[in-house]
Amino acid sequence: MSQTATVPHGLPMDRDAGPFDPPSAITRLRETRPVSPLVFPDGHEGWLVTGYEAVRKLMADTRFSSRQDIGIVHVPYETPGMPAATEPSPVIPGLFIAMDPPDHTRLRRKLTGAFTVRRMKQLEEHIVEVAERQLEAMALLTPPVDLVREFALPLPSLVICEMLGVPYADRETFQANSAKFLVKDQPLEEKMAAYGAMTSYLAGLVMGKRAEPGDDLLSDLARDEDLSVEELTGISFLLLLAGHETTANMLALGTFALLEHPEQLAELRADPELVPGAVEELMRYLSVADIFYRYATEDIELCGETIGKGSTVVVSLLAANRDPRRFDDADALDIHRTARGHVSFGHGVHQCLGQQLARIEMRAGFAGLIRRFPTLRLAVDAAEVPLRTDMNIYGVHELPVTWTETGG
């Protein structure tokens with residue numbers, strides 16, 4: 001690689017441009033070289049892809065592998081984060097996000113029926129009811145309250161637990177372990193201890209469902225003799241983690257963003273029909289699941305650069321979603337924008353399986369929150385909101401909010 005002086009050493013992570021924006025170093029790289037060399041902390045060279053066109057092409061090209069057992073770096077499985085070691089990761093059964101076709105295809109095909117648009121539409125009324133119940137419970141509290149704890153986290157947790165057949169009473173255990181698993185800078189033993197705690201719990205659950213299946217998604221999967229208990233456990237882990245962490249962080253960070261854009265929030269209150277479009281724009285604008293990894297299985301030309309066989313490639317979905325070549329005034333939040341085509345759910349064969357579920361949860365969550373709490377506001381200065389810069393899924397650790405009780 002040439003231009004060594006301009007090559008970043010390590011992935012720029014400092015959100016110096018504000019709580020909702022990509023690191024300015026990544027933005028500058030996208031403008032000058034959307035497919036850019038990158039030197040990893042251990043000294044080996046890879047690539048960082050930040051341009052919208054390049055990200056779409058890369059994620060649609062299965063020559064860029066999602067497997068972590070063939071790369072030269074360790075990458076945490078279903079989560080972004082800088083590599084922590086120079087050894088390939090072992091294959092974990094069932095974790096199809098870290099697989100390529102045909103293994104990925106075999107497992108994902110068993111789940112597509114449960115997440116069709118039609119099936120999600122059937123769930124929509126119930127999801128609205130879950131959101132309303134949670135908002136009513138929050139309204140009984142004396143403000144200020146933490147929106148993450150009282151609304152943003154419970155809503156998707158309740159929904160995914162019901163879908164999968166995971167007892168909601170166990171939420172504190174799996175939420176704590178999934179949060180530990182998503183911490184960026186921690187010893188690998190601690191990450192794997194959290195992973196082990198979750199998978200031990202889930203293995204017991206799926207074995208119970210294989211013995212006595214119920215009326216839920218994990219029971220349906222457990223009836224499939226083609227799936228081993230280890231595969232069922234890996235699938236359960238992926239669905240449970242992704243099914244509550246991503247939407248919870250979008251609800252909380254999205255509320256923070258709307259409170260910081262009061263004119264647009266007022267428009268949403270005045271016209272709830274704008275909510276679905278606003279959800280798409282918030283996903284584009286915030287892109288809480290930002291950094292992903294691929295591994296080049298052969299020499300591949302990408303937007304004028306040749307990525308050599310064996311290269312580790314880092315992909316920034318947030319940078320792609322803020323690319324001014326694709327979206328006008330891309331760094332502005334605009335609820336009237338047609339954000340169709342954003343890559344917040346990924347692209348290609350690994351595009352998010354649960355994207356329709358997430359959309360319905362966010363539409364129900366934002367619409368209900370805006371209607372039920374017309375005077376909602378931050379209870380602290382914006383600068384005091386604790387950001388999840390230490391986590392592999394971005395958002396806020398807490399969002400202290402208050403409201404005028406007579407208007408709430």
# chains A, B, ... in the order shown; residues from 1 in each chain; ligands from 1

$ select_by_dssp --residues "range 268-338 of chain A" --states "helix (DSSP H, G or I)" --output "list of chain:residue names"
A:Leu268, A:Arg269, A:Ala270, A:Pro272, A:Glu273, A:Leu274, A:Val275, A:Pro276, A:Gly277, A:Ala278, A:Val279, A:Glu280, A:Glu281, A:Leu282, A:Met283, A:Arg284, A:Tyr285, A:Leu286, A:Leu317, A:Leu318, A:Ala319, A:Ala320, A:Asn321

$ select_by_dssp --residues "range 153-337 of chain A" --states "strand (DSSP E)" --output "PDB file with N, CA, C and O atoms, in the first residue's frame"
ATOM      1  N   ILE A 291     -20.083  -0.804  12.594  1.00  0.00           N
ATOM      2  CA  ILE A 291     -18.857  -1.401  12.072  1.00  0.00           C
ATOM      3  C   ILE A 291     -18.998  -2.915  11.901  1.00  0.00           C
ATOM      4  O   ILE A 291     -19.358  -3.621  12.842  1.00  0.00           O
ATOM      5  N   PHE A 292     -18.698  -3.382  10.679  1.00  0.00           N
ATOM      6  CA  PHE A 292     -18.723  -4.809  10.383  1.00  0.00           C
ATOM      7  C   PHE A 292     -17.440  -5.197   9.656  1.00  0.00           C
ATOM      8  O   PHE A 292     -16.715  -4.335   9.151  1.00  0.00           O
ATOM      9  N   TYR A 293     -17.179  -6.495   9.590  1.00  0.00           N
ATOM     10  CA  TYR A 293     -15.938  -6.990   9.014  1.00  0.00           C
ATOM     11  C   TYR A 293     -16.204  -7.996   7.899  1.00  0.00           C
ATOM     12  O   TYR A 293     -17.165  -8.770   7.956  1.00  0.00           O
ATOM     13  N   ARG A 294     -15.339  -7.948   6.902  1.00  0.00           N
ATOM     14  CA  ARG A 294     -15.330  -8.956   5.850  1.00  0.00           C
ATOM     15  C   ARG A 294     -13.875  -9.362   5.587  1.00  0.00           C
ATOM     16  O   ARG A 294     -12.946  -8.669   5.989  1.00  0.00           O
ATOM     17  N   TYR A 295     -13.726 -10.482   4.874  1.00  0.00           N
ATOM     18  CA  TYR A 295     -12.403 -11.034   4.595  1.00  0.00           C
ATOM     19  C   TYR A 295     -12.343 -11.387   3.119  1.00  0.00           C
ATOM     20  O   TYR A 295     -13.189 -12.152   2.619  1.00  0.00           O
ATOM     21  N   ALA A 296     -11.383 -10.821   2.394  1.00  0.00           N
ATOM     22  CA  ALA A 296     -11.291 -11.041   0.951  1.00  0.00           C
ATOM     23  C   ALA A 296     -10.734 -12.428   0.651  1.00  0.00           C
ATOM     24  O   ALA A 296      -9.617 -12.756   1.046  1.00  0.00           O
ATOM     25  N   ILE A 300      -9.805  -8.644  -5.195  1.00  0.00           N
ATOM     26  CA  ILE A 300     -11.089  -8.082  -5.625  1.00  0.00           C
ATOM     27  C   ILE A 300     -10.927  -6.594  -5.899  1.00  0.00           C
ATOM     28  O   ILE A 300     -10.395  -5.854  -5.061  1.00  0.00           O
ATOM     29  N   GLU A 301     -11.397  -6.147  -7.051  1.00  0.00           N
ATOM     30  CA  GLU A 301     -11.398  -4.719  -7.377  1.00  0.00           C
ATOM     31  C   GLU A 301     -12.666  -4.099  -6.806  1.00  0.00           C
ATOM     32  O   GLU A 301     -13.776  -4.596  -7.020  1.00  0.00           O
ATOM     33  N   LEU A 302     -12.499  -3.018  -6.044  1.00  0.00           N
ATOM     34  CA  LEU A 302     -13.647  -2.340  -5.431  1.00  0.00           C
ATOM     35  C   LEU A 302     -13.486  -0.842  -5.590  1.00  0.00           C
ATOM     36  O   LEU A 302     -12.605  -0.231  -4.970  1.00  0.00           O
ATOM     37  N   GLU A 305      -9.966   0.419  -6.265  1.00  0.00           N
ATOM     38  CA  GLU A 305      -8.892  -0.106  -5.423  1.00  0.00           C
ATOM     39  C   GLU A 305      -8.863  -1.629  -5.544  1.00  0.00           C
ATOM     40  O   GLU A 305      -9.908  -2.261  -5.680  1.00  0.00           O
ATOM     41  N   THR A 306      -7.678  -2.195  -5.473  1.00  0.00           N
ATOM     42  CA  THR A 306      -7.561  -3.646  -5.474  1.00  0.00           C
ATOM     43  C   THR A 306      -7.324  -4.133  -4.054  1.00  0.00           C
ATOM     44  O   THR A 306      -6.310  -3.810  -3.430  1.00  0.00           O
ATOM     45  N   ILE A 307      -8.292  -4.893  -3.544  1.00  0.00           N
ATOM     46  CA  ILE A 307      -8.192  -5.456  -2.204  1.00  0.00           C
ATOM     47  C   ILE A 307      -7.626  -6.864  -2.347  1.00  0.00           C
ATOM     48  O   ILE A 307      -8.233  -7.733  -2.970  1.00  0.00           O
ATOM     49  N   THR A 312      -8.279  -8.164   5.592  1.00  0.00           N
ATOM     50  CA  THR A 312      -9.419  -7.884   6.458  1.00  0.00           C
ATOM     51  C   THR A 312      -9.973  -6.518   6.081  1.00  0.00           C
ATOM     52  O   THR A 312      -9.227  -5.546   5.942  1.00  0.00           O
ATOM     53  N   VAL A 313     -11.294  -6.439   5.901  1.00  0.00           N
ATOM     54  CA  VAL A 313     -11.938  -5.210   5.460  1.00  0.00           C
ATOM     55  C   VAL A 313     -12.942  -4.759   6.524  1.00  0.00           C
ATOM     56  O   VAL A 313     -13.799  -5.535   6.957  1.00  0.00           O
ATOM     57  N   VAL A 314     -12.807  -3.503   6.954  1.00  0.00           N
ATOM     58  CA  VAL A 314     -13.724  -2.907   7.926  1.00  0.00           C
ATOM     59  C   VAL A 314     -14.741  -2.068   7.152  1.00  0.00           C
ATOM     60  O   VAL A 314     -14.369  -1.283   6.277  1.00  0.00           O
ATOM     61  N   VAL A 315     -16.015  -2.236   7.476  1.00  0.00           N
ATOM     62  CA  VAL A 315     -17.096  -1.540   6.786  1.00  0.00           C
ATOM     63  C   VAL A 315     -17.800  -0.626   7.777  1.00  0.00           C
ATOM     64  O   VAL A 315     -18.194  -1.071   8.865  1.00  0.00           O
ATOM     65  N   SER A 316     -17.980   0.657   7.415  1.00  0.00           N
ATOM     66  CA  SER A 316     -18.733   1.586   8.264  1.00  0.00           C
ATOM     67  C   SER A 316     -20.071   1.914   7.615  1.00  0.00           C
ATOM     68  O   SER A 316     -20.139   2.649   6.625  1.00  0.00           O
TER      69      SER A 316
END

$ residues_around --residues "Pro154 in chain A" --least-positions-apart "6" --cutoff "10 Å" --atoms "only C-alpha atoms" --output "PyMOL selection string"
chain A and resi 130-131+134+147-148+168+171+244+248

$ residues_around --residues "Leu232 in chain A" --least-positions-apart "5" --cutoff "9 Å" --atoms "only C-alpha atoms" --output "list in words"
Pro93, Gly94, Leu202, Ala203, Val206, Met207, Leu218, Leu221, Ala222, Leu227 and Phe237 of chain A

$ closest_residue --among "A:Thr62, A:Thr27, A:Thr246, A:Ser157" --to "Leu182 in chain A" --atoms "only C-alpha atoms"
A:Thr246

$ closest_residue --among "A:Leu164, A:Ala194, A:Leu217, A:Leu333" --to "Glu281 in chain A" --atoms "only C-alpha atoms"
A:Leu333

$ closest_residue --among "A:Phe96, A:Tyr195, A:Gly165, A:Val49" --to "Arg109 in chain A" --atoms "only C-alpha atoms"
A:Phe96

$ closest_residue --among "A:Gly395, A:Thr255, A:Glu263, A:Ala379" --to "Ala367 in chain A" --atoms "only C-alpha atoms"
A:Thr255

$ atom_distance --atom1 "CA of Pro34 in chain A" --atom2 "CA of Leu317 in chain A"
12.1 Å

$ atom_distance --atom1 "CA of Glu298 in chain A" --atom2 "CA of Ala98 in chain A"
18.2 Å

$ closest_residue --among "A:Asn392, A:Arg325, A:Thr112, A:Ala25" --to "Lys191 in chain A" --atoms "only C-alpha atoms"
A:Asn392

$ residues_around --residues "Asp331 in chain A" --least-positions-apart "2" --cutoff "9 Å" --atoms "only C-alpha atoms" --output "number ranges by chain"
A: 21, 285, 322-324, 327-329, 333

$ write_last_selection --atoms "all heavy atoms" --output "compact mmCIF listing (two decimals), in the first residue's frame"
# COMPACT_ATOMS: atom_id res chain seq x y z
N ASP A 21 -23.00 11.89 15.13
CA ASP A 21 -22.21 11.92 13.90
C ASP A 21 -21.05 10.93 13.91
O ASP A 21 -20.53 10.59 14.97
CB ASP A 21 -21.67 13.33 13.67
CG ASP A 21 -22.79 14.35 13.48
OD1 ASP A 21 -23.76 14.02 12.78
OD2 ASP A 21 -22.69 15.46 14.05
N TYR A 285 -29.67 8.13 9.85
CA TYR A 285 -28.92 9.19 10.53
C TYR A 285 -28.07 8.66 11.67
O TYR A 285 -26.97 9.16 11.94
CB TYR A 285 -29.93 10.22 11.04
CG TYR A 285 -29.37 11.43 11.73
CD1 TYR A 285 -28.64 12.39 11.02
CD2 TYR A 285 -29.60 11.65 13.09
CE1 TYR A 285 -28.15 13.52 11.65
CE2 TYR A 285 -29.11 12.78 13.73
CZ TYR A 285 -28.39 13.71 13.01
OH TYR A 285 -27.90 14.83 13.64
N ARG A 322 -24.12 8.45 5.59
CA ARG A 322 -23.90 9.89 5.61
C ARG A 322 -23.15 10.37 4.36
O ARG A 322 -22.63 11.48 4.35
CB ARG A 322 -23.11 10.28 6.87
CG ARG A 322 -23.82 10.02 8.19
CD ARG A 322 -25.05 10.91 8.36
NE ARG A 322 -25.52 10.86 9.73
CZ ARG A 322 -25.13 11.69 10.71
NH1 ARG A 322 -24.25 12.63 10.45
NH2 ARG A 322 -25.61 11.55 11.93
N ASP A 323 -23.10 9.53 3.34
CA ASP A 323 -22.35 9.89 2.13
C ASP A 323 -23.13 10.92 1.32
O ASP A 323 -24.23 10.61 0.83
CB ASP A 323 -22.11 8.62 1.30
CG ASP A 323 -21.11 8.85 0.16
OD1 ASP A 323 -20.94 10.02 -0.25
OD2 ASP A 323 -20.52 7.86 -0.32
N PRO A 324 -22.59 12.14 1.14
CA PRO A 324 -23.32 13.17 0.38
C PRO A 324 -23.48 12.82 -1.09
O PRO A 324 -24.29 13.43 -1.78
CB PRO A 324 -22.45 14.42 0.58
CG PRO A 324 -21.09 13.92 0.92
CD PRO A 324 -21.30 12.63 1.65
N PHE A 327 -26.96 10.89 -0.37
CA PHE A 327 -28.02 11.62 0.31
C PHE A 327 -27.67 13.10 0.37
O PHE A 327 -26.60 13.47 0.86
CB PHE A 327 -28.22 11.09 1.74
CG PHE A 327 -28.66 9.65 1.80
CD1 PHE A 327 -27.74 8.65 2.10
CD2 PHE A 327 -29.97 9.29 1.56
CE1 PHE A 327 -28.13 7.31 2.16
CE2 PHE A 327 -30.37 7.95 1.61
CZ PHE A 327 -29.45 6.97 1.91
N ASP A 328 -28.57 13.96 -0.11
CA ASP A 328 -28.35 15.40 -0.04
C ASP A 328 -28.33 15.84 1.42
O ASP A 328 -29.14 15.37 2.23
CB ASP A 328 -29.46 16.15 -0.79
CG ASP A 328 -29.41 15.91 -2.29
OD1 ASP A 328 -28.31 15.60 -2.79
OD2 ASP A 328 -30.47 16.02 -2.94
N ASP A 329 -27.42 16.78 1.73
CA ASP A 329 -27.31 17.31 3.09
C ASP A 329 -27.31 16.15 4.09
O ASP A 329 -28.08 16.11 5.06
CB ASP A 329 -28.46 18.28 3.37
CG ASP A 329 -28.18 19.20 4.55
OD1 ASP A 329 -27.02 19.22 5.02
OD2 ASP A 329 -29.12 19.86 5.03
N LEU A 333 -30.45 15.74 10.05
CA LEU A 333 -31.64 14.93 10.31
C LEU A 333 -32.83 15.62 9.64
O LEU A 333 -33.09 16.79 9.89
CB LEU A 333 -31.89 14.79 11.81
CG LEU A 333 -33.17 14.04 12.22
CD1 LEU A 333 -33.07 12.57 11.83
CD2 LEU A 333 -33.44 14.18 13.71

$ residues_around --residues "Arg149 in chain A" --least-positions-apart "2" --cutoff "10 Å" --atoms "only C-alpha atoms" --output "mmCIF file with all heavy atoms, in the first residue's frame"
data_model
loop_
_atom_site.group_PDB
_atom_site.id
_atom_site.type_symbol
_atom_site.label_atom_id
_atom_site.label_comp_id
_atom_site.auth_asym_id
_atom_site.auth_seq_id
_atom_site.Cartn_x
_atom_site.Cartn_y
_atom_site.Cartn_z
ATOM 1 N N MET A 138 -44.789 3.696 32.610
ATOM 2 C CA MET A 138 -43.849 4.803 32.777
ATOM 3 C C MET A 138 -44.561 6.049 33.273
ATOM 4 O O MET A 138 -44.035 6.806 34.098
ATOM 5 C CB MET A 138 -43.143 5.084 31.449
ATOM 6 C CG MET A 138 -41.976 6.055 31.570
ATOM 7 S SD MET A 138 -41.013 6.143 30.050
ATOM 8 C CE MET A 138 -41.516 7.752 29.452
ATOM 9 N N VAL A 145 -37.147 10.059 34.842
ATOM 10 C CA VAL A 145 -36.920 8.618 34.736
ATOM 11 C C VAL A 145 -35.891 8.367 33.629
ATOM 12 O O VAL A 145 -35.623 9.243 32.798
ATOM 13 C CB VAL A 145 -38.224 7.849 34.406
ATOM 14 C CG1 VAL A 145 -39.304 8.144 35.432
ATOM 15 C CG2 VAL A 145 -38.723 8.170 32.995
ATOM 16 N N ASP A 146 -35.343 7.157 33.638
ATOM 17 C CA ASP A 146 -34.414 6.750 32.588
ATOM 18 C C ASP A 146 -35.223 6.064 31.498
ATOM 19 O O ASP A 146 -35.771 4.983 31.699
ATOM 20 C CB ASP A 146 -33.361 5.799 33.167
ATOM 21 C CG ASP A 146 -32.461 5.185 32.100
ATOM 22 O OD1 ASP A 146 -32.443 5.710 30.961
ATOM 23 O OD2 ASP A 146 -31.787 4.178 32.402
ATOM 24 N N LEU A 147 -35.290 6.690 30.332
ATOM 25 C CA LEU A 147 -36.090 6.154 29.237
ATOM 26 C C LEU A 147 -35.573 4.796 28.769
ATOM 27 O O LEU A 147 -36.354 3.955 28.324
ATOM 28 C CB LEU A 147 -36.104 7.131 28.054
ATOM 29 C CG LEU A 147 -37.095 6.769 26.942
ATOM 30 C CD1 LEU A 147 -38.495 7.247 27.313
ATOM 31 C CD2 LEU A 147 -36.671 7.350 25.602
ATOM 32 N N PHE A 151 -38.519 2.174 29.100
ATOM 33 C CA PHE A 151 -39.257 2.018 27.849
ATOM 34 C C PHE A 151 -38.436 1.416 26.709
ATOM 35 O O PHE A 151 -38.822 0.405 26.125
ATOM 36 C CB PHE A 151 -39.828 3.368 27.400
ATOM 37 C CG PHE A 151 -40.637 3.279 26.137
ATOM 38 C CD1 PHE A 151 -41.816 2.540 26.106
ATOM 39 C CD2 PHE A 151 -40.228 3.919 24.977
ATOM 40 C CE1 PHE A 151 -42.566 2.433 24.940
ATOM 41 C CE2 PHE A 151 -40.975 3.829 23.812
ATOM 42 C CZ PHE A 151 -42.149 3.080 23.789
ATOM 43 N N ALA A 152 -37.293 2.012 26.390
ATOM 44 C CA ALA A 152 -36.562 1.609 25.185
ATOM 45 C C ALA A 152 -36.080 0.164 25.249
ATOM 46 O O ALA A 152 -36.128 -0.561 24.245
ATOM 47 C CB ALA A 152 -35.379 2.552 24.948
ATOM 48 N N LEU A 153 -35.609 -0.283 26.411
ATOM 49 C CA LEU A 153 -35.144 -1.659 26.556
ATOM 50 C C LEU A 153 -36.288 -2.652 26.765
ATOM 51 O O LEU A 153 -36.301 -3.719 26.142
ATOM 52 C CB LEU A 153 -34.121 -1.746 27.692
ATOM 53 C CG LEU A 153 -33.404 -3.075 27.890
ATOM 54 C CD1 LEU A 153 -32.717 -3.543 26.608
ATOM 55 C CD2 LEU A 153 -32.395 -2.993 29.031
ATOM 56 N N PRO A 154 -37.279 -2.344 27.611
ATOM 57 C CA PRO A 154 -38.357 -3.325 27.814
ATOM 58 C C PRO A 154 -39.173 -3.647 26.564
ATOM 59 O O PRO A 154 -39.558 -4.804 26.370
ATOM 60 C CB PRO A 154 -39.249 -2.653 28.876
ATOM 61 C CG PRO A 154 -38.353 -1.711 29.592
ATOM 62 C CD PRO A 154 -37.382 -1.221 28.577
ATOM 63 N N LEU A 155 -39.453 -2.656 25.708
ATOM 64 C CA LEU A 155 -40.332 -2.915 24.564
ATOM 65 C C LEU A 155 -39.798 -4.023 23.654
ATOM 66 O O LEU A 155 -40.468 -5.045 23.468
ATOM 67 C CB LEU A 155 -40.581 -1.608 23.782
ATOM 68 C CG LEU A 155 -41.309 -1.752 22.437
ATOM 69 C CD1 LEU A 155 -42.658 -2.458 22.602
ATOM 70 C CD2 LEU A 155 -41.497 -0.392 21.774
ATOM 71 N N ALA A 248 -33.582 -1.408 20.982
ATOM 72 C CA ALA A 248 -33.546 -0.629 22.223
ATOM 73 C C ALA A 248 -32.670 0.605 22.069
ATOM 74 O O ALA A 248 -33.040 1.715 22.499
ATOM 75 C CB ALA A 248 -33.045 -1.498 23.375
ATOM 76 N N ALA A 252 -33.846 4.682 22.109
ATOM 77 C CA ALA A 252 -33.296 5.649 23.059
ATOM 78 C C ALA A 252 -32.520 6.752 22.353
ATOM 79 O O ALA A 252 -32.734 7.942 22.604
ATOM 80 C CB ALA A 252 -32.404 4.927 24.070
ATOM 81 N N HIS A 397 -26.282 4.951 27.369
ATOM 82 C CA HIS A 397 -26.444 4.055 28.525
ATOM 83 C C HIS A 397 -27.709 4.408 29.300
ATOM 84 O O HIS A 397 -28.399 3.523 29.811
ATOM 85 C CB HIS A 397 -25.229 4.157 29.446
ATOM 86 C CG HIS A 397 -24.012 3.472 28.903
ATOM 87 N ND1 HIS A 397 -23.916 2.104 28.797
ATOM 88 C CD2 HIS A 397 -22.834 3.966 28.423
ATOM 89 C CE1 HIS A 397 -22.741 1.776 28.288
ATOM 90 N NE2 HIS A 397 -22.064 2.883 28.046
ATOM 91 N N GLU A 398 -27.983 5.674 29.382
ATOM 92 C CA GLU A 398 -29.190 6.168 30.066
ATOM 93 C C GLU A 398 -29.698 7.378 29.290
ATOM 94 O O GLU A 398 -28.917 8.075 28.634
ATOM 95 C CB GLU A 398 -28.878 6.610 31.501
ATOM 96 C CG GLU A 398 -28.366 5.526 32.418
ATOM 97 C CD GLU A 398 -27.976 6.089 33.788
ATOM 98 O OE1 GLU A 398 -28.136 7.312 34.002
ATOM 99 O OE2 GLU A 398 -27.497 5.307 34.620
ATOM 100 N N LEU A 399 -30.996 7.634 29.382
ATOM 101 C CA LEU A 399 -31.552 8.870 28.828
ATOM 102 C C LEU A 399 -32.521 9.446 29.870
ATOM 103 O O LEU A 399 -33.704 9.114 29.877
ATOM 104 C CB LEU A 399 -32.268 8.625 27.501
ATOM 105 C CG LEU A 399 -32.665 9.912 26.760
ATOM 106 C CD1 LEU A 399 -31.407 10.632 26.245
ATOM 107 C CD2 LEU A 399 -33.615 9.624 25.598
ATOM 108 N N PRO A 400 -31.997 10.279 30.781
ATOM 109 C CA PRO A 400 -32.870 10.868 31.808
ATOM 110 C C PRO A 400 -33.846 11.860 31.166
ATOM 111 O O PRO A 400 -33.429 12.829 30.525
ATOM 112 C CB PRO A 400 -31.888 11.588 32.742
ATOM 113 C CG PRO A 400 -30.537 11.005 32.426
ATOM 114 C CD PRO A 400 -30.592 10.676 30.967
#

$ residues_around --residues "range 158-160 of chain A" --least-positions-apart "6" --cutoff "12 Å" --atoms "only C-alpha atoms" --output "PyMOL selection string"
chain A and resi 115+120+123-131+133-134+151-152+166-172+175+216-218+236-248+354+357-358+360-362+364-365

$ decode --residues "range 194-249 of chain A" --atoms "C-alpha atoms" --output "short mmCIF file (atom, residue, chain, number, x, y, z; two decimals), in the first residue's frame"
data_model
loop_
_atom_site.label_atom_id
_atom_site.label_comp_id
_atom_site.auth_asym_id
_atom_site.auth_seq_id
_atom_site.Cartn_x
_atom_site.Cartn_y
_atom_site.Cartn_z
CA ALA A 194 -20.62 -13.46 29.31
CA TYR A 195 -21.16 -15.40 26.08
CA GLY A 196 -20.83 -18.69 27.96
CA ALA A 197 -23.37 -17.62 30.57
CA MET A 198 -25.89 -16.73 27.88
CA THR A 199 -25.36 -19.88 25.83
CA SER A 200 -25.51 -22.16 28.88
CA TYR A 201 -28.86 -20.62 29.76
CA LEU A 202 -30.12 -20.88 26.17
CA ALA A 203 -28.88 -24.46 25.73
CA GLY A 204 -30.98 -25.51 28.71
CA LEU A 205 -33.94 -23.64 27.26
CA VAL A 206 -33.75 -25.22 23.80
CA MET A 207 -33.24 -28.73 25.23
CA GLY A 208 -36.39 -28.21 27.26
CA LYS A 209 -38.26 -27.12 24.14
CA ARG A 210 -36.97 -30.10 22.19
CA ALA A 211 -38.38 -32.35 24.94
CA GLU A 212 -41.62 -30.40 25.37
CA PRO A 213 -42.17 -27.90 22.54
CA GLY A 214 -44.53 -24.98 23.04
CA ASP A 215 -46.07 -22.38 20.75
CA ASP A 216 -43.05 -20.21 19.99
CA LEU A 217 -40.23 -19.81 17.46
CA LEU A 218 -37.58 -21.73 19.42
CA SER A 219 -39.99 -24.65 19.83
CA ASP A 220 -40.64 -24.63 16.08
CA LEU A 221 -36.89 -24.75 15.45
CA ALA A 222 -36.41 -27.42 18.13
CA ARG A 223 -38.82 -29.68 16.26
CA ASP A 224 -36.40 -29.64 13.31
CA GLU A 225 -34.19 -32.70 13.71
CA ASP A 226 -31.79 -31.25 11.14
CA LEU A 227 -30.65 -28.73 13.77
CA SER A 228 -28.32 -29.80 16.57
CA VAL A 229 -28.71 -28.44 20.10
CA GLU A 230 -25.49 -26.48 19.52
CA GLU A 231 -26.94 -24.89 16.38
CA LEU A 232 -30.22 -24.12 18.15
CA THR A 233 -28.25 -22.46 20.93
CA GLY A 234 -26.23 -20.32 18.51
CA ILE A 235 -29.36 -19.26 16.62
CA SER A 236 -31.10 -18.43 19.92
CA PHE A 237 -28.16 -16.34 21.07
CA LEU A 238 -28.10 -14.36 17.83
CA LEU A 239 -31.86 -13.74 17.73
CA LEU A 240 -32.10 -12.80 21.40
CA LEU A 241 -29.12 -10.43 21.36
CA ALA A 242 -29.91 -8.75 18.04
CA GLY A 243 -33.63 -8.80 18.78
CA HIS A 244 -33.44 -6.48 21.76
CA GLU A 245 -30.10 -4.62 21.71
CA THR A 246 -30.38 -2.90 18.34
CA THR A 247 -33.98 -1.70 18.60
CA ALA A 248 -33.55 -0.63 22.22
CA ASN A 249 -30.62 1.57 21.27
#
